[in-house]
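In what follows, a structure is listed as structure tokens, so that the remarks can point back to it.
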Amino acid sequence: MFEKEQQQIEDQIRKICEAHNYPVKSLTWSWIPFSGNWGISTSFFQVAADDARSRGQKINVGLHAQEIAQMTADSLELPEGFERAEAVRGYLNLYFTTRIYSQRVIDTVLEEKDNFGRGQRNGERVMVEFSQPNTHKAFHVGHLRNVILGNAVGNILDFAGNDVIRANYLGDIGLHVIKWLWCYLKYHNGEKPEGDITRWMGDIYAEASRRHEEEPEAENEIRELFARWDRKDPEIVELWRVTRQWSLDGFDQIYKTLNVRFDKIYFESDVEDSGKEIVKELIAKGIAVDERPENAVVVKLDELCGTKDKYRSLVVLRSDGTSLYATKDLSLAIRKFEEFHLTRSIYVIDVRQTLYLQQIFKTLELMGYSWAKNCYHLAYEIVNLPGNVTMSSRDGTVVFLQDLIDEAKSRALAIVQEKNPSLTDAEKAEISEKVALGALKYSMLSRDNAKIVTFDWEAALDFNGQAAPYIQYAAVRANSILRKSENGLPDQTVLSYELTPVEVELIDLISRVPREIQRSAAECKPLFISNLAFDLAQAFNNFYHQCPVLQAEPPVRDYRLRLAAAARQTMINCLALLGIDSPEIM
RNA sequence: GCCCCCAUGGCUCAAUGGAUAGAGCACCGGUCUUCUAAACCGAUGGUUGCAGGUUCGAGUCCUGCUGGGGGCGCCA
């Protein structure tokens, strides 16, 4: 929020240093640690070390950096809004005039409201593909991380200034679907799903897997069904169409519950034929080798790239001519760029597919698509069960998403009941839903993408400590103060008292939000936002505890009311980026 | 065999190459007549897996090692 002033000072520092023959390569700005003092900081160690090297002298870099910092502090002309410059152990700390900047921060938040922290449009069009569930299968907790992460990254990229297209890619064909259809026709023909559709679909899939292994005749029957599918037997195609829709309706229920939406839906069945055409092209161009009928159609990437054991080989078509995941993914990638003229294409897919995606991107590059380098695999680690057991719908080692959500809601409801028994049932239901989903989402987003999540009922349902309910509660407390303010929110006020350290810290944190959003977008890490949201809530709780608002003298009261409103807005904005709703009361 | 990821208090995790490595759980002890105690305060707890290296400066970057997980031609 202080970029202009920062740039102005940076220019000055360069001039001052260069006048003394200290070339400045780059300056990095950071926050001053230790709350109570508010401002920005940079250091001169690099400048000092460079200087020593250029003169071939061995000196104490720390001391020299301090000299330069001191010299800079002495000759710097501070712009308005800065109170003092201080050289400390090689650092140059520039302290804000709290009166001016705290007001700027609070006014900006209250003026921009939901848009506080939003970046300038940068003209980049980014597709984020996420979720990618298979139809005719269950949706379990292992799938949750992908949806929550993809959704948050989509929100954050959009807010940071990109034009975001949220895409979903549904696995609506393949052996798993045929197996499902087989089981349905044989044991459930005519039945229709009720209630939790996805659960119902998943149960039949699990049953199909079990029967496939138990029943000797299953293999042949399934193969026969696959053949009917391949020759587009109208009865089978129709059944596929109808049952697929059930899955889609079920997914819609889930996405609605999670409050996730998509701009574009792709189906595997849509890119199968075009994928086969691309394989022909690959063969014609000499990129893929057709080894049929003995072997498959393969892109020997290491041979083509002159690498060894780096890209390995990518099989793009089965020896019997049927398509593979890769067949379709090549086609899909091209379609995305042609349809939307993307700047970037992000794939939110778990880390186990890293090599595979590198192969896809490399193959596209070999085909001559210059945009291939703008494809990015956003890899995240999977969610395991305790004991490092990976969830598998086949083995039945899954925690159903709906079960988790239901359990979370009922626990949240019990707590609302206890804390706030006078609320109406509708209010309690709304609060427990927001709290429960918030907690689940936050637990997925508050750890690094590269870290494995071990699912544990108690941990997933822990509403205490660093968790969404803590942040939601802080926002609710702010709300509560504002609601009780008789004259509503005061207009712009001038600071007429000495801010306490907790107030300064809170304002400081609020001011960091726009920059953290940019950083979070640049690295596709919602974690930065979830950390900051928690820090904000913690700072707000300190403020709440130490600084009376409604009881304070009018000038203090008015200022604090606006600060509380700004803090509330900022926390709500951060949670919204994570896909988490904030209740009004709880 | 080759490649990728992870390793930080008892547990789960943070930490733009930068100032004294921070939280949360758990445990112990305090705070409600005062804007909602889903909160706050205090105490305990660290040679950042090991060994080198780069750097003025390394939890962070590089190399090697150990331990754990994952991936490597017809699954998705």
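Chain labels run A, B, ... following the order of the structure tokens; each chain numbers its residues from 1, and ligands are numbered from 1 in the order shown.
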
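Near chain A, within 9 Å and counting only C-alpha atoms (C1' of nucleotides), the residues of chain B are C2, C3, C4, C5, C6, U12, C13, A14, U16, G18, A19, A23, G24, C25, C35, U36, A38, A39, C40, C56, G57, G69, G70, G71, C72, G73, C74, C75 and A76 of chain B.
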
Test item, strand (DSSP E or B) assignment across region 357-584 of chain A, answer as a PyMOL selection string: chain A and resi 375-380+383-385+389-390+392+397+400+453-454

Atomic separation - CA of Arg84 (chain A) relative to CA of Leu563 (chain A), Å: 24.2 Å

Near-Met201 (chain A) list (12 Å; only C-alpha atoms (C1' of nucleotides); drop same-chain fewer than 6 positions) as JSON, numbers by chain: {"A": [134, 135, 136, 137, 138, 139, 176, 177, 180, 181, 183, 184, 188, 191, 192, 193, 194, 195, 207, 208, 243, 244, 245, 246, 247, 248, 249, 250, 251, 393]}

Test item: residues at most 12 Å from G29 (chain B), only C-alpha atoms (C1' of nucleotides), excluding those fewer than 5 positions along its chain, as a PyMOL selection string: chain B and resi 41-44

8 Å contact set for U48 (chain B), only C-alpha atoms (C1' of nucleotides), chain neighbours under 4 positions out, as a VMD selection string: chain B and resid 8 21 59

Can I get the selection written as a PDB file, in the first residue's frame, with N, CA, C and O atoms (P, O5', C5', C4', C3', O3' and C1' of nucleotides)?
ATOM      1  P     U B   8      10.714 -32.803  11.405  1.00  0.00           P
ATOM      2  O5'   U B   8      11.370 -31.372  11.610  1.00  0.00           O
ATOM      3  C5'   U B   8      12.675 -31.260  12.145  1.00  0.00           C
ATOM      4  C4'   U B   8      12.847 -29.907  12.766  1.00  0.00           C
ATOM      5  C3'   U B   8      11.834 -29.590  13.867  1.00  0.00           C
ATOM      6  O3'   U B   8      12.281 -30.112  15.104  1.00  0.00           O
ATOM      7  C1'   U B   8      11.950 -27.768  12.375  1.00  0.00           C
ATOM      8  P     A B  21      16.473 -17.081  17.580  1.00  0.00           P
ATOM      9  O5'   A B  21      15.107 -17.497  16.884  1.00  0.00           O
ATOM     10  C5'   A B  21      14.580 -16.725  15.820  1.00  0.00           C
ATOM     11  C4'   A B  21      13.530 -17.525  15.090  1.00  0.00           C
ATOM     12  C3'   A B  21      12.501 -18.175  16.001  1.00  0.00           C
ATOM     13  O3'   A B  21      11.444 -17.287  16.271  1.00  0.00           O
ATOM     14  C1'   A B  21      13.325 -19.763  14.457  1.00  0.00           C
ATOM     15  P     G B  59      20.317 -21.487   9.684  1.00  0.00           P
ATOM     16  O5'   G B  59      19.081 -22.481   9.666  1.00  0.00           O
ATOM     17  C5'   G B  59      19.290 -23.869   9.544  1.00  0.00           C
ATOM     18  C4'   G B  59      18.091 -24.528   8.945  1.00  0.00           C
ATOM     19  C3'   G B  59      17.900 -24.264   7.448  1.00  0.00           C
ATOM     20  O3'   G B  59      18.596 -25.216   6.683  1.00  0.00           O
ATOM     21  C1'   G B  59      15.871 -23.830   8.600  1.00  0.00           C
TER      22        G B  59
END

Can you list, as a PDB file with all heavy atoms, in the first residue's frame, every protein, DNA or RNA residue that comes within 9 Å of Ile16 (chain A) when you count only C-alpha atoms (C1' of nucleotides), leaving out same-chain residues fewer than 4 positions away?
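Generated file (selection19.pdb):
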ATOM      1  N   ASP A  11      14.638   5.264  -5.016  1.00  0.00           N
ATOM      2  CA  ASP A  11      15.385   6.097  -5.972  1.00  0.00           C
ATOM      3  C   ASP A  11      16.405   6.968  -5.242  1.00  0.00           C
ATOM      4  O   ASP A  11      17.551   7.108  -5.664  1.00  0.00           O
ATOM      5  CB  ASP A  11      14.428   6.983  -6.775  1.00  0.00           C
ATOM      6  CG  ASP A  11      13.532   6.158  -7.682  1.00  0.00           C
ATOM      7  OD1 ASP A  11      13.866   4.974  -7.916  1.00  0.00           O
ATOM      8  OD2 ASP A  11      12.500   6.676  -8.124  1.00  0.00           O
ATOM      9  N   GLN A  12      15.966   7.540  -4.154  1.00  0.00           N
ATOM     10  CA  GLN A  12      16.867   8.386  -3.349  1.00  0.00           C
ATOM     11  C   GLN A  12      18.056   7.597  -2.823  1.00  0.00           C
ATOM     12  O   GLN A  12      19.194   8.056  -2.886  1.00  0.00           O
ATOM     13  CB  GLN A  12      16.107   8.951  -2.150  1.00  0.00           C
ATOM     14  CG  GLN A  12      15.339  10.216  -2.401  1.00  0.00           C
ATOM     15  CD  GLN A  12      15.007  10.864  -1.062  1.00  0.00           C
ATOM     16  OE1 GLN A  12      15.902  11.280  -0.319  1.00  0.00           O
ATOM     17  NE2 GLN A  12      13.722  10.918  -0.750  1.00  0.00           N
ATOM     18  N   HIS A  20      28.326   8.115  -3.294  1.00  0.00           N
ATOM     19  CA  HIS A  20      29.449   7.693  -2.467  1.00  0.00           C
ATOM     20  C   HIS A  20      30.159   6.473  -3.045  1.00  0.00           C
ATOM     21  O   HIS A  20      30.889   5.780  -2.337  1.00  0.00           O
ATOM     22  CB  HIS A  20      28.965   7.359  -1.050  1.00  0.00           C
ATOM     23  CG  HIS A  20      28.560   8.582  -0.284  1.00  0.00           C
ATOM     24  ND1 HIS A  20      27.360   9.216  -0.489  1.00  0.00           N
ATOM     25  CD2 HIS A  20      29.207   9.280   0.692  1.00  0.00           C
ATOM     26  CE1 HIS A  20      27.269  10.242   0.329  1.00  0.00           C
ATOM     27  NE2 HIS A  20      28.384  10.318   1.053  1.00  0.00           N
ATOM     28  N   ASN A  21      29.849   6.212  -4.327  1.00  0.00           N
ATOM     29  CA  ASN A  21      30.487   5.088  -5.010  1.00  0.00           C
ATOM     30  C   ASN A  21      30.109   3.712  -4.473  1.00  0.00           C
ATOM     31  O   ASN A  21      30.929   2.798  -4.459  1.00  0.00           O
ATOM     32  CB  ASN A  21      32.016   5.239  -4.961  1.00  0.00           C
ATOM     33  CG  ASN A  21      32.525   5.825  -6.265  1.00  0.00           C
ATOM     34  OD1 ASN A  21      31.986   5.519  -7.333  1.00  0.00           O
ATOM     35  ND2 ASN A  21      33.514   6.690  -6.168  1.00  0.00           N
ATOM     36  N   TYR A  22      28.885   3.607  -4.030  1.00  0.00           N
ATOM     37  CA  TYR A  22      28.371   2.287  -3.633  1.00  0.00           C
ATOM     38  C   TYR A  22      27.251   1.906  -4.603  1.00  0.00           C
ATOM     39  O   TYR A  22      26.111   2.325  -4.412  1.00  0.00           O
ATOM     40  CB  TYR A  22      27.806   2.309  -2.209  1.00  0.00           C
ATOM     41  CG  TYR A  22      28.783   2.702  -1.137  1.00  0.00           C
ATOM     42  CD1 TYR A  22      28.435   3.661  -0.193  1.00  0.00           C
ATOM     43  CD2 TYR A  22      30.034   2.091  -1.058  1.00  0.00           C
ATOM     44  CE1 TYR A  22      29.320   4.013   0.814  1.00  0.00           C
ATOM     45  CE2 TYR A  22      30.917   2.449  -0.054  1.00  0.00           C
ATOM     46  CZ  TYR A  22      30.559   3.413   0.877  1.00  0.00           C
ATOM     47  OH  TYR A  22      31.429   3.761   1.865  1.00  0.00           O
ATOM     48  N   MET A  71      24.725   6.459   6.883  1.00  0.00           N
ATOM     49  CA  MET A  71      24.949   7.543   5.926  1.00  0.00           C
ATOM     50  C   MET A  71      23.669   7.803   5.130  1.00  0.00           C
ATOM     51  O   MET A  71      23.279   8.949   4.916  1.00  0.00           O
ATOM     52  CB  MET A  71      26.110   7.106   5.017  1.00  0.00           C
ATOM     53  CG  MET A  71      26.527   8.067   3.949  1.00  0.00           C
ATOM     54  SD  MET A  71      25.626   7.799   2.413  1.00  0.00           S
ATOM     55  CE  MET A  71      26.240   6.170   1.963  1.00  0.00           C
ATOM     56  N   THR A  72      23.003   6.725   4.721  1.00  0.00           N
ATOM     57  CA  THR A  72      21.761   6.875   3.961  1.00  0.00           C
ATOM     58  C   THR A  72      20.681   7.510   4.823  1.00  0.00           C
ATOM     59  O   THR A  72      19.972   8.419   4.382  1.00  0.00           O
ATOM     60  CB  THR A  72      21.269   5.489   3.474  1.00  0.00           C
ATOM     61  OG1 THR A  72      22.357   4.805   2.863  1.00  0.00           O
ATOM     62  CG2 THR A  72      20.140   5.630   2.476  1.00  0.00           C
ATOM     63  N   SER A  75      21.177  11.277   5.069  1.00  0.00           N
ATOM     64  CA  SER A  75      20.955  12.167   3.925  1.00  0.00           C
ATOM     65  C   SER A  75      19.592  11.992   3.258  1.00  0.00           C
ATOM     66  O   SER A  75      19.245  12.732   2.352  1.00  0.00           O
ATOM     67  CB  SER A  75      22.068  11.990   2.875  1.00  0.00           C
ATOM     68  OG  SER A  75      22.815  10.843   3.111  1.00  0.00           O
ATOM     69  N   LEU A  76      18.847  11.034   3.720  1.00  0.00           N
ATOM     70  CA  LEU A  76      17.547  10.765   3.111  1.00  0.00           C
ATOM     71  C   LEU A  76      16.545  11.874   3.423  1.00  0.00           C
ATOM     72  O   LEU A  76      16.466  12.334   4.553  1.00  0.00           O
ATOM     73  CB  LEU A  76      17.022   9.434   3.674  1.00  0.00           C
ATOM     74  CG  LEU A  76      16.002   8.646   2.873  1.00  0.00           C
ATOM     75  CD1 LEU A  76      16.533   8.284   1.501  1.00  0.00           C
ATOM     76  CD2 LEU A  76      15.645   7.379   3.639  1.00  0.00           C
TER      77      LEU A  76
END

Contacts of Ile510 (chain A) within 10 Å, only C-alpha atoms (C1' of nucleotides), excl. fewer than 6 positions in-chain, as a PyMOL selection string: chain A and resi 1+102+105-106+109+116-117+504+532-533+535-536+539+563+566-571

Length of the CA of Leu225 (chain A) to CA of Ile178 (chain A) vector [Å]: 6.9 Å

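Taking CA of Phe543 (chain A) as the reference point, CA of Val502 (chain A) is found at 5.6 Å.
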
Residue set, region 337-380 of chain A restricted to helix (DSSP H, G or I), as a VMD selection string: chain A and resid 337 to 340 351 to 366 370 to 374
